[in-house]
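As provided, target_20.pdb (PDB, C-alpha atoms) reads as follows.
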```
ATOM      1  CA  MET A   1      14.432  15.756 -10.250  1.00  0.00           C
ATOM      2  CA  ALA A   2      14.495  17.221  -6.762  1.00  0.00           C
ATOM      3  CA  GLY A   3      11.510  18.117  -4.638  1.00  0.00           C
ATOM      4  CA  HIS A   4       8.901  16.706  -2.295  1.00  0.00           C
ATOM      5  CA  SER A   5       6.185  14.262  -3.313  1.00  0.00           C
ATOM      6  CA  LYS A   6       2.795  13.390  -1.842  1.00  0.00           C
ATOM      7  CA  TRP A   7       4.045   9.808  -1.759  1.00  0.00           C
ATOM      8  CA  ALA A   8       6.468  10.819   1.008  1.00  0.00           C
ATOM      9  CA  ASN A   9       3.559  11.836   3.241  1.00  0.00           C
ATOM     10  CA  ILE A  10       1.755   8.563   2.519  1.00  0.00           C
ATOM     11  CA  ARG A  11       4.916   6.549   3.086  1.00  0.00           C
ATOM     12  CA  PHE A  12       5.777   8.122   6.432  1.00  0.00           C
ATOM     13  CA  ARG A  13       2.206   7.740   7.676  1.00  0.00           C
ATOM     14  CA  LYS A  14       2.137   4.107   6.618  1.00  0.00           C
ATOM     15  CA  MET A  15       5.490   3.438   8.266  1.00  0.00           C
ATOM     16  CA  GLY A  16       4.160   4.839  11.544  1.00  0.00           C
ATOM     17  CA  GLN A  17       1.015   2.757  11.317  1.00  0.00           C
ATOM     18  CA  ASP A  18       2.968  -0.376  10.431  1.00  0.00           C
ATOM     19  CA  ALA A  19       5.041   0.073  13.583  1.00  0.00           C
ATOM     20  CA  LYS A  20       1.900   0.388  15.729  1.00  0.00           C
ATOM     21  CA  ARG A  21      -0.235  -2.363  14.251  1.00  0.00           C
ATOM     22  CA  GLY A  22      -0.103  -5.569  16.249  1.00  0.00           C
ATOM     23  CA  LYS A  23      -2.069  -7.363  13.526  1.00  0.00           C
ATOM     24  CA  LEU A  24       0.483  -6.679  10.803  1.00  0.00           C
ATOM     25  CA  PHE A  25       1.612 -10.308  10.481  1.00  0.00           C
ATOM     26  CA  THR A  26      -1.984 -11.422   9.863  1.00  0.00           C
ATOM     27  CA  LYS A  27      -2.206  -8.997   6.962  1.00  0.00           C
ATOM     28  CA  PHE A  28       1.123 -10.156   5.523  1.00  0.00           C
ATOM     29  CA  ILE A  29       0.102 -13.811   5.782  1.00  0.00           C
ATOM     30  CA  ARG A  30      -3.169 -13.128   3.975  1.00  0.00           C
ATOM     31  CA  GLU A  31      -1.443 -11.181   1.202  1.00  0.00           C
ATOM     32  CA  ILE A  32       1.149 -13.941   0.725  1.00  0.00           C
ATOM     33  CA  THR A  33      -1.599 -16.578   0.641  1.00  0.00           C
ATOM     34  CA  ILE A  34      -3.756 -14.786  -1.937  1.00  0.00           C
ATOM     35  CA  SER A  35      -0.701 -13.866  -4.026  1.00  0.00           C
ATOM     36  CA  ALA A  36       0.378 -17.511  -4.149  1.00  0.00           C
ATOM     37  CA  ARG A  37      -3.167 -18.618  -4.972  1.00  0.00           C
ATOM     38  CA  THR A  38      -3.584 -16.203  -7.884  1.00  0.00           C
ATOM     39  CA  GLY A  39      -0.060 -16.309  -9.310  1.00  0.00           C
ATOM     40  CA  GLY A  40       1.618 -19.467  -8.029  1.00  0.00           C
ATOM     41  CA  GLY A  41       4.260 -20.053  -5.388  1.00  0.00           C
ATOM     42  CA  ASP A  42       7.364 -19.218  -7.457  1.00  0.00           C
ATOM     43  CA  ILE A  43       8.610 -15.667  -6.768  1.00  0.00           C
ATOM     44  CA  SER A  44      10.543 -15.627 -10.052  1.00  0.00           C
ATOM     45  CA  THR A  45       7.250 -15.705 -11.980  1.00  0.00           C
ATOM     46  CA  ASN A  46       4.996 -14.062  -9.381  1.00  0.00           C
ATOM     47  CA  PRO A  47       6.196 -10.513  -8.618  1.00  0.00           C
ATOM     48  CA  ARG A  48       3.229  -9.789  -6.361  1.00  0.00           C
ATOM     49  CA  LEU A  49       4.238 -12.704  -4.141  1.00  0.00           C
ATOM     50  CA  ARG A  50       7.837 -11.528  -4.135  1.00  0.00           C
ATOM     51  CA  THR A  51       6.804  -8.052  -2.962  1.00  0.00           C
ATOM     52  CA  ALA A  52       4.603  -9.539  -0.226  1.00  0.00           C
ATOM     53  CA  ILE A  53       7.458 -11.742   1.001  1.00  0.00           C
ATOM     54  CA  ASP A  54       9.909  -8.814   0.990  1.00  0.00           C
ATOM     55  CA  LYS A  55       7.535  -6.825   3.208  1.00  0.00           C
ATOM     56  CA  ALA A  56       7.079  -9.753   5.570  1.00  0.00           C
ATOM     57  CA  LEU A  57      10.819 -10.342   5.858  1.00  0.00           C
ATOM     58  CA  SER A  58      11.443  -6.653   6.533  1.00  0.00           C
ATOM     59  CA  ALA A  59       9.030  -6.963   9.465  1.00  0.00           C
ATOM     60  CA  ASN A  60      11.026  -9.982  10.752  1.00  0.00           C
ATOM     61  CA  MET A  61       8.483 -12.647   9.860  1.00  0.00           C
ATOM     62  CA  THR A  62      10.094 -16.091   9.880  1.00  0.00           C
ATOM     63  CA  ARG A  63      10.650 -18.110   6.735  1.00  0.00           C
ATOM     64  CA  ASP A  64       8.607 -20.989   8.195  1.00  0.00           C
ATOM     65  CA  THR A  65       5.571 -18.720   8.574  1.00  0.00           C
ATOM     66  CA  ILE A  66       6.014 -17.405   5.034  1.00  0.00           C
ATOM     67  CA  ASP A  67       6.382 -20.919   3.603  1.00  0.00           C
ATOM     68  CA  ARG A  68       3.197 -22.076   5.349  1.00  0.00           C
ATOM     69  CA  ALA A  69       1.287 -19.125   3.916  1.00  0.00           C
ATOM     70  CA  ILE A  70       2.564 -19.947   0.413  1.00  0.00           C
ATOM     71  CA  LYS A  71       1.538 -23.591   0.784  1.00  0.00           C
ATOM     72  CA  ARG A  72      -1.954 -22.566   1.872  1.00  0.00           C
ATOM     73  CA  GLY A  73      -2.189 -20.399  -1.206  1.00  0.00           C
ATOM     74  CA  THR A  74      -1.025 -23.100  -3.613  1.00  0.00           C
ATOM     75  CA  GLY A  75      -3.236 -25.742  -2.000  1.00  0.00           C
ATOM     76  CA  GLU A  76      -0.410 -27.816  -0.535  1.00  0.00           C
ATOM     77  CA  GLN A  77      -1.779 -27.073   2.928  1.00  0.00           C
ATOM     78  CA  GLU A  78      -5.366 -26.498   4.021  1.00  0.00           C
ATOM     79  CA  GLY A  79      -6.402 -22.993   5.002  1.00  0.00           C
ATOM     80  CA  GLN A  80      -9.260 -20.502   4.971  1.00  0.00           C
ATOM     81  CA  HIS A  81     -10.776 -19.415   1.668  1.00  0.00           C
ATOM     82  CA  LEU A  82     -10.034 -15.730   1.086  1.00  0.00           C
ATOM     83  CA  GLU A  83     -11.485 -13.410  -1.531  1.00  0.00           C
ATOM     84  CA  GLU A  84     -10.363  -9.956  -2.596  1.00  0.00           C
ATOM     85  CA  ILE A  85     -12.964  -7.218  -2.080  1.00  0.00           C
ATOM     86  CA  ARG A  86     -12.789  -3.465  -2.662  1.00  0.00           C
ATOM     87  CA  TYR A  87     -15.167  -1.006  -0.990  1.00  0.00           C
ATOM     88  CA  GLU A  88     -15.545   2.579  -2.188  1.00  0.00           C
ATOM     89  CA  GLY A  89     -17.053   5.617  -0.528  1.00  0.00           C
ATOM     90  CA  TYR A  90     -16.510   9.027   1.006  1.00  0.00           C
ATOM     91  CA  GLY A  91     -14.999  10.048   4.320  1.00  0.00           C
ATOM     92  CA  PRO A  92     -15.523  13.222   6.369  1.00  0.00           C
ATOM     93  CA  GLY A  93     -15.183  16.337   4.239  1.00  0.00           C
ATOM     94  CA  GLY A  94     -16.252  14.417   1.126  1.00  0.00           C
ATOM     95  CA  ILE A  95     -12.839  12.779   0.688  1.00  0.00           C
ATOM     96  CA  ALA A  96     -12.756   9.772  -1.670  1.00  0.00           C
ATOM     97  CA  VAL A  97     -11.780   6.475  -0.025  1.00  0.00           C
ATOM     98  CA  MET A  98     -11.114   2.961  -1.342  1.00  0.00           C
ATOM     99  CA  VAL A  99     -10.640   0.054   1.042  1.00  0.00           C
ATOM    100  CA  ASP A 100      -8.955  -3.145  -0.196  1.00  0.00           C
ATOM    101  CA  CYS A 101      -9.795  -6.255   1.814  1.00  0.00           C
ATOM    102  CA  LEU A 102      -9.009  -9.965   1.955  1.00  0.00           C
ATOM    103  CA  SER A 103     -11.881 -11.761   3.632  1.00  0.00           C
ATOM    104  CA  ASP A 104     -13.276 -15.196   4.407  1.00  0.00           C
ATOM    105  CA  ASN A 105     -16.653 -13.678   5.345  1.00  0.00           C
ATOM    106  CA  ARG A 106     -17.992 -10.926   3.088  1.00  0.00           C
ATOM    107  CA  ASN A 107     -20.936 -10.074   5.394  1.00  0.00           C
ATOM    108  CA  ARG A 108     -18.659  -9.529   8.396  1.00  0.00           C
ATOM    109  CA  THR A 109     -16.240  -7.413   6.404  1.00  0.00           C
ATOM    110  CA  VAL A 110     -18.791  -5.059   4.861  1.00  0.00           C
ATOM    111  CA  SER A 111     -20.432  -4.602   8.272  1.00  0.00           C
ATOM    112  CA  GLU A 112     -17.123  -3.633   9.907  1.00  0.00           C
ATOM    113  CA  VAL A 113     -16.102  -1.323   7.076  1.00  0.00           C
ATOM    114  CA  ARG A 114     -19.506   0.389   6.957  1.00  0.00           C
ATOM    115  CA  HIS A 115     -19.412   0.919  10.727  1.00  0.00           C
ATOM    116  CA  ALA A 116     -16.035   2.681  10.489  1.00  0.00           C
ATOM    117  CA  PHE A 117     -17.294   4.962   7.711  1.00  0.00           C
ATOM    118  CA  THR A 118     -20.529   5.813   9.520  1.00  0.00           C
ATOM    119  CA  LYS A 119     -18.899   6.420  12.909  1.00  0.00           C
ATOM    120  CA  TYR A 120     -16.717   9.210  11.517  1.00  0.00           C
ATOM    121  CA  GLY A 121     -19.192  10.886   9.190  1.00  0.00           C
ATOM    122  CA  GLY A 122     -18.468   8.971   5.990  1.00  0.00           C
ATOM    123  CA  ASN A 123     -20.593   6.710   3.827  1.00  0.00           C
ATOM    124  CA  LEU A 124     -20.048   3.740   1.559  1.00  0.00           C
ATOM    125  CA  GLY A 125     -20.777   4.155  -2.139  1.00  0.00           C
ATOM    126  CA  THR A 126     -21.337   1.774  -5.035  1.00  0.00           C
ATOM    127  CA  ASP A 127     -18.647  -0.014  -7.053  1.00  0.00           C
ATOM    128  CA  GLY A 128     -16.877   2.496  -9.268  1.00  0.00           C
ATOM    129  CA  SER A 129     -18.120   5.528  -7.360  1.00  0.00           C
ATOM    130  CA  VAL A 130     -14.586   6.795  -6.627  1.00  0.00           C
ATOM    131  CA  SER A 131     -12.139   4.369  -8.268  1.00  0.00           C
ATOM    132  CA  TYR A 132     -12.173   6.401 -11.501  1.00  0.00           C
ATOM    133  CA  LEU A 133     -10.369   9.158  -9.574  1.00  0.00           C
ATOM    134  CA  PHE A 134      -7.265   6.990  -9.012  1.00  0.00           C
ATOM    135  CA  ARG A 135      -4.373   5.486 -10.956  1.00  0.00           C
ATOM    136  CA  ARG A 136      -2.401   2.394  -9.965  1.00  0.00           C
ATOM    137  CA  LEU A 137       1.265   3.408  -9.601  1.00  0.00           C
ATOM    138  CA  GLY A 138       4.460   1.863  -8.280  1.00  0.00           C
ATOM    139  CA  PHE A 139       6.937   3.447  -5.856  1.00  0.00           C
ATOM    140  CA  LEU A 140      10.470   2.323  -5.031  1.00  0.00           C
ATOM    141  CA  THR A 141      12.120   4.057  -2.074  1.00  0.00           C
ATOM    142  CA  PHE A 142      15.888   4.177  -1.619  1.00  0.00           C
ATOM    143  CA  PRO A 143      17.809   5.409   1.459  1.00  0.00           C
ATOM    144  CA  LYS A 144      19.625   8.743   1.425  1.00  0.00           C
ATOM    145  CA  THR A 145      22.935   6.877   1.348  1.00  0.00           C
ATOM    146  CA  VAL A 146      22.249   6.057  -2.301  1.00  0.00           C
ATOM    147  CA  LYS A 147      23.235   8.767  -4.779  1.00  0.00           C
ATOM    148  CA  GLU A 148      20.489  10.179  -6.983  1.00  0.00           C
ATOM    149  CA  ALA A 149      22.801  10.023  -9.991  1.00  0.00           C
ATOM    150  CA  ASP A 150      23.217   6.267  -9.501  1.00  0.00           C
ATOM    151  CA  ILE A 151      19.453   5.786  -9.753  1.00  0.00           C
ATOM    152  CA  PHE A 152      18.238   8.510 -12.092  1.00  0.00           C
ATOM    153  CA  ASP A 153      19.602   7.441 -15.486  1.00  0.00           C
ATOM    154  CA  THR A 154      18.921   3.726 -14.944  1.00  0.00           C
ATOM    155  CA  ALA A 155      15.371   4.315 -13.717  1.00  0.00           C
ATOM    156  CA  ILE A 156      14.414   6.805 -16.424  1.00  0.00           C
ATOM    157  CA  ASP A 157      15.971   4.697 -19.190  1.00  0.00           C
ATOM    158  CA  ALA A 158      13.974   1.715 -17.883  1.00  0.00           C
ATOM    159  CA  GLY A 159      10.730   3.705 -18.171  1.00  0.00           C
ATOM    160  CA  ALA A 160      10.232   5.318 -14.743  1.00  0.00           C
ATOM    161  CA  GLU A 161       7.824   8.257 -14.668  1.00  0.00           C
ATOM    162  CA  ASP A 162       9.735  10.301 -12.101  1.00  0.00           C
ATOM    163  CA  VAL A 163      12.626  10.290  -9.632  1.00  0.00           C
ATOM    164  CA  THR A 164      12.185  12.491  -6.552  1.00  0.00           C
ATOM    165  CA  VAL A 165      14.506  13.447  -3.691  1.00  0.00           C
ATOM    166  CA  GLU A 166      12.413  13.704  -0.515  1.00  0.00           C
ATOM    167  CA  LYS A 167      12.901  16.110   2.404  1.00  0.00           C
ATOM    168  CA  ASP A 168      14.726  13.456   4.429  1.00  0.00           C
ATOM    169  CA  GLY A 169      17.148  12.753   1.571  1.00  0.00           C
ATOM    170  CA  SER A 170      15.607   9.438   0.546  1.00  0.00           C
ATOM    171  CA  ILE A 171      14.881   8.883  -3.150  1.00  0.00           C
ATOM    172  CA  THR A 172      11.548   7.806  -4.629  1.00  0.00           C
ATOM    173  CA  VAL A 173      11.206   6.262  -8.079  1.00  0.00           C
ATOM    174  CA  GLN A 174       7.661   6.463  -9.471  1.00  0.00           C
ATOM    175  CA  THR A 175       6.542   3.986 -12.132  1.00  0.00           C
ATOM    176  CA  SER A 176       3.408   2.874 -13.885  1.00  0.00           C
ATOM    177  CA  PHE A 177       1.891  -0.356 -12.600  1.00  0.00           C
ATOM    178  CA  GLU A 178       2.953  -2.165 -15.779  1.00  0.00           C
ATOM    179  CA  THR A 179       6.617  -1.147 -15.515  1.00  0.00           C
ATOM    180  CA  PHE A 180       6.992  -1.450 -11.720  1.00  0.00           C
ATOM    181  CA  TYR A 181       8.463  -4.944 -11.552  1.00  0.00           C
ATOM    182  CA  PRO A 182      10.714  -4.645 -14.661  1.00  0.00           C
ATOM    183  CA  ILE A 183      12.161  -1.376 -13.312  1.00  0.00           C
ATOM    184  CA  GLN A 184      12.647  -2.883  -9.860  1.00  0.00           C
ATOM    185  CA  HIS A 185      14.507  -5.802 -11.461  1.00  0.00           C
ATOM    186  CA  THR A 186      16.639  -3.508 -13.648  1.00  0.00           C
ATOM    187  CA  LEU A 187      17.726  -1.455 -10.633  1.00  0.00           C
ATOM    188  CA  GLU A 188      18.523  -4.568  -8.591  1.00  0.00           C
ATOM    189  CA  VAL A 189      20.714  -5.906 -11.394  1.00  0.00           C
ATOM    190  CA  LYS A 190      22.686  -2.659 -10.978  1.00  0.00           C
ATOM    191  CA  GLY A 191      23.000  -3.350  -7.250  1.00  0.00           C
ATOM    192  CA  LEU A 192      20.281  -0.847  -6.293  1.00  0.00           C
ATOM    193  CA  LYS A 193      17.754  -2.594  -4.045  1.00  0.00           C
ATOM    194  CA  ALA A 194      14.840  -0.523  -2.763  1.00  0.00           C
ATOM    195  CA  GLU A 195      14.269  -0.486   0.983  1.00  0.00           C
ATOM    196  CA  ARG A 196      10.540  -0.197   0.326  1.00  0.00           C
ATOM    197  CA  ALA A 197       8.538  -1.241  -2.747  1.00  0.00           C
ATOM    198  CA  GLU A 198       4.830  -0.421  -2.996  1.00  0.00           C
ATOM    199  CA  ILE A 199       1.959  -0.518  -5.468  1.00  0.00           C
ATOM    200  CA  GLU A 200      -0.494   2.256  -4.563  1.00  0.00           C
ATOM    201  CA  MET A 201      -3.718   3.734  -5.893  1.00  0.00           C
ATOM    202  CA  ILE A 202      -2.832   7.422  -6.337  1.00  0.00           C
ATOM    203  CA  PRO A 203      -5.474  10.076  -7.117  1.00  0.00           C
ATOM    204  CA  ASP A 204      -5.285  12.202 -10.251  1.00  0.00           C
ATOM    205  CA  ASN A 205      -5.940  15.208  -7.991  1.00  0.00           C
ATOM    206  CA  TRP A 206      -5.370  15.683  -4.273  1.00  0.00           C
ATOM    207  CA  VAL A 207      -8.213  17.355  -2.395  1.00  0.00           C
ATOM    208  CA  PRO A 208      -7.353  19.726   0.497  1.00  0.00           C
ATOM    209  CA  ILE A 209      -9.014  18.879   3.794  1.00  0.00           C
ATOM    210  CA  ASP A 210      -9.267  21.181   6.807  1.00  0.00           C
ATOM    211  CA  THR A 211      -7.780  20.218  10.162  1.00  0.00           C
ATOM    212  CA  ASP A 212     -11.088  19.291  11.838  1.00  0.00           C
ATOM    213  CA  HIS A 213     -12.104  16.955   9.020  1.00  0.00           C
ATOM    214  CA  ALA A 214      -8.541  15.653   8.722  1.00  0.00           C
ATOM    215  CA  GLN A 215      -8.449  14.530  12.337  1.00  0.00           C
ATOM    216  CA  LYS A 216     -11.757  12.674  11.975  1.00  0.00           C
ATOM    217  CA  PHE A 217     -10.601  11.231   8.695  1.00  0.00           C
ATOM    218  CA  MET A 218      -7.339   9.902  10.140  1.00  0.00           C
ATOM    219  CA  LYS A 219      -9.232   8.303  13.026  1.00  0.00           C
ATOM    220  CA  MET A 220     -11.447   6.565  10.481  1.00  0.00           C
ATOM    221  CA  VAL A 221      -8.408   5.357   8.555  1.00  0.00           C
ATOM    222  CA  ASP A 222      -6.792   4.042  11.756  1.00  0.00           C
ATOM    223  CA  VAL A 223      -9.973   2.109  12.630  1.00  0.00           C
ATOM    224  CA  LEU A 224     -10.174   0.666   9.115  1.00  0.00           C
ATOM    225  CA  GLU A 225      -6.518  -0.375   9.057  1.00  0.00           C
ATOM    226  CA  ASP A 226      -6.899  -2.083  12.433  1.00  0.00           C
ATOM    227  CA  LEU A 227      -9.481  -4.460  10.933  1.00  0.00           C
ATOM    228  CA  ASP A 228      -8.030  -7.897  10.187  1.00  0.00           C
ATOM    229  CA  ASP A 229      -9.673  -8.005   6.756  1.00  0.00           C
ATOM    230  CA  VAL A 230      -8.396  -4.616   5.559  1.00  0.00           C
ATOM    231  CA  GLN A 231      -5.163  -4.686   3.580  1.00  0.00           C
ATOM    232  CA  ALA A 232      -4.950  -1.081   2.357  1.00  0.00           C
ATOM    233  CA  VAL A 233      -6.809   2.234   2.431  1.00  0.00           C
ATOM    234  CA  HIS A 234      -6.463   4.665  -0.488  1.00  0.00           C
ATOM    235  CA  THR A 235      -7.561   8.299  -0.429  1.00  0.00           C
ATOM    236  CA  ASN A 236      -7.273  11.606  -2.260  1.00  0.00           C
ATOM    237  CA  ALA A 237      -7.023  13.658   0.946  1.00  0.00           C
ATOM    238  CA  ASP A 238      -4.389  16.410   1.035  1.00  0.00           C
ATOM    239  CA  ILE A 239      -3.756  16.365   4.794  1.00  0.00           C
ATOM    240  CA  PRO A 240      -2.026  19.346   6.459  1.00  0.00           C
ATOM    241  CA  ASP A 241       1.553  18.700   7.557  1.00  0.00           C
ATOM    242  CA  GLU A 242       0.753  19.796  11.099  1.00  0.00           C
ATOM    243  CA  VAL A 243      -1.880  17.043  11.367  1.00  0.00           C
ATOM    244  CA  LEU A 244       0.486  14.420   9.978  1.00  0.00           C
ATOM    245  CA  ALA A 245       3.110  15.527  12.501  1.00  0.00           C
ATOM    246  CA  GLU A 246       0.740  14.667  15.355  1.00  0.00           C
ATOM    247  CA  LEU A 247       0.180  11.076  14.190  1.00  0.00           C
TER
END
```
For the structure just supplied, provide its representation as structure tokens.
Amino acid sequence: MAGHSKWANIRFRKMGQDAKRGKLFTKFIREITISARTGGGDISTNPRLRTAIDKALSANMTRDTIDRAIKRGTGEQEGQHLEEIRYEGYGPGGIAVMVDCLSDNRNRTVSEVRHAFTKYGGNLGTDGSVSYLFRRLGFLTFPKTVKEADIFDTAIDAGAEDVTVEKDGSITVQTSFETFYPIQHTLEVKGLKAERAEIEMIPDNWVPIDTDHAQKFMKMVDVLEDLDDVQAVHTNADIPDEVLAEL
């Protein structure tokens, strides 16, 4: 199935932000810690932890740092108490936004998140105010050196929802949340290891946003993602390509 997916826009934006964020290791460490706490320290039985470790390794985090984060999560080593929090609201132009956080101080986190929303013309809503607009989906991205034919049949037979060839020649496999890890494992058994594996909240419908609102919105997202406690920002904004190109 050839074409261009919204996930490509999200992926390229996230890759650019990952390269710029100096606090990226802090976010990886927190995700590894909470993953180990909720699912145990064994990657063979904790796929969330495995994904977190893969991301950290791809960013050149050392094994020692990863191991310490796992031990803090499993209680073998003392560390800060983190809780998972999700904030929901609307950004400039009425765009739906969800912000996933890991925090050791709920009051500090909500204050920082609310400030970012307010500064750029958004507002926080109540729990459930926008989450019903999204689905939790998995995405596996393969480099253009991999042939689509090598991925397509295996992925679809394993239950993938779609296989897309992006503009740059890379290949994206879309899955449901429930089938993400089994499909990832099936492809790896065939020697097909994704260069990027993500679980994302994807909207049922993308909402177009004009350039003026888009620029404010992206500034808000950048401020949010610079916060230590913020792990991910999800949105239904359909941002013009010319705005994305300037990021």
Quick one: 5 Å padding each side, axis-aligned, all listed atoms of range 231-239 of chain A - centre and edge lengths in Å to one decimal, as AutoDock Vina command-line options?
```
--center_x -5.7 --center_y 5.9 --center_z 1.3 --size_x 13.8 --size_y 31.1 --size_z 17.1
```
Contacts of Asp100 in chain A at 8 Å (all atoms listed in the file; same-chain gap of 5+ positions) as an NGL selection string: :A and (84-87 or 230-233)
Please produce a file of those selected residues containing C-alpha atoms, as a PDB file, in the coordinates of the input.
```pdb
ATOM      1  CA  GLU A  84     -10.363  -9.956  -2.596  1.00  0.00           C
ATOM      2  CA  ILE A  85     -12.964  -7.218  -2.080  1.00  0.00           C
ATOM      3  CA  ARG A  86     -12.789  -3.465  -2.662  1.00  0.00           C
ATOM      4  CA  TYR A  87     -15.167  -1.006  -0.990  1.00  0.00           C
ATOM      5  CA  VAL A 230      -8.396  -4.616   5.559  1.00  0.00           C
ATOM      6  CA  GLN A 231      -5.163  -4.686   3.580  1.00  0.00           C
ATOM      7  CA  ALA A 232      -4.950  -1.081   2.357  1.00  0.00           C
ATOM      8  CA  VAL A 233      -6.809   2.234   2.431  1.00  0.00           C
TER       9      VAL A 233
END
```
Q.
Could you tell me, as a VMD selection string, exactly which residues end up selected when the PyMOL selection byres ((chain A and resi 81) around 12) is applied to this structure?
A. chain A and resid 30 33 to 34 37 72 to 75 77 to 80 82 to 84 102 to 106
- Query: Written as a ChimeraX atom specification, which residues does the PyMOL selection byres ((chain A and resi 179-186) around 8) give for the file shown?
  - Reply: /A:47,137-140,154-155,158-160,175-178,187-190,193-194
inquiry  = Under the PyMOL selection byres ((chain A and resi 136) around 7), which residues of this model are included? Write them out as JSON, numbers by chain.
reply    = {"A": [134, 135, 137, 177, 199, 200, 201, 202]}
**Prompt:** Got a sec: who's within 9 Å of Ile156 in chain A, counting all atoms listed in the file, leaving out chain neighbours fewer than 6 positions off, as number ranges by chain?
**Reply:** A: 162-163, 173
Shortest contact to Glu198 in chain A, candidates A:Thr109, A:Thr235, A:Thr172, A:Thr65, atoms counted all atoms listed in the file, goes to A:Thr172
- How far is it from CA of Gly41 in chain A to CA of Ser58 in chain A, in Å with one decimal?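 These atoms are spaced 19.3 Å apart.
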Discussion item. One decimal, in Å: what's the spacing between CA of Tyr90 in chain A and CA of Leu124 in chain A?
Written reply: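 Taking CA of Tyr90 in chain A and CA of Leu124 in chain A, their separation equals 6.4 Å.
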A straight line from CA of Asp210 in chain A to CA of Gly91 in chain A spans 12.8 Å
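Within 12 Å of Gln215 in chain A, once only C-alpha atoms are used and residues closer than 2 positions along the same chain are dropped, the contacting residues are Gly91, Pro92, Gly93, Tyr120, Gly121, Ile209, Asp210, Thr211, Asp212, His213, Phe217, Met218, Lys219, Met220, Val221, Asp222, Ala237, Ile239, Pro240, Asp241, Glu242, Val243, Leu244, Ala245, Glu246 and Leu247 of chain A.
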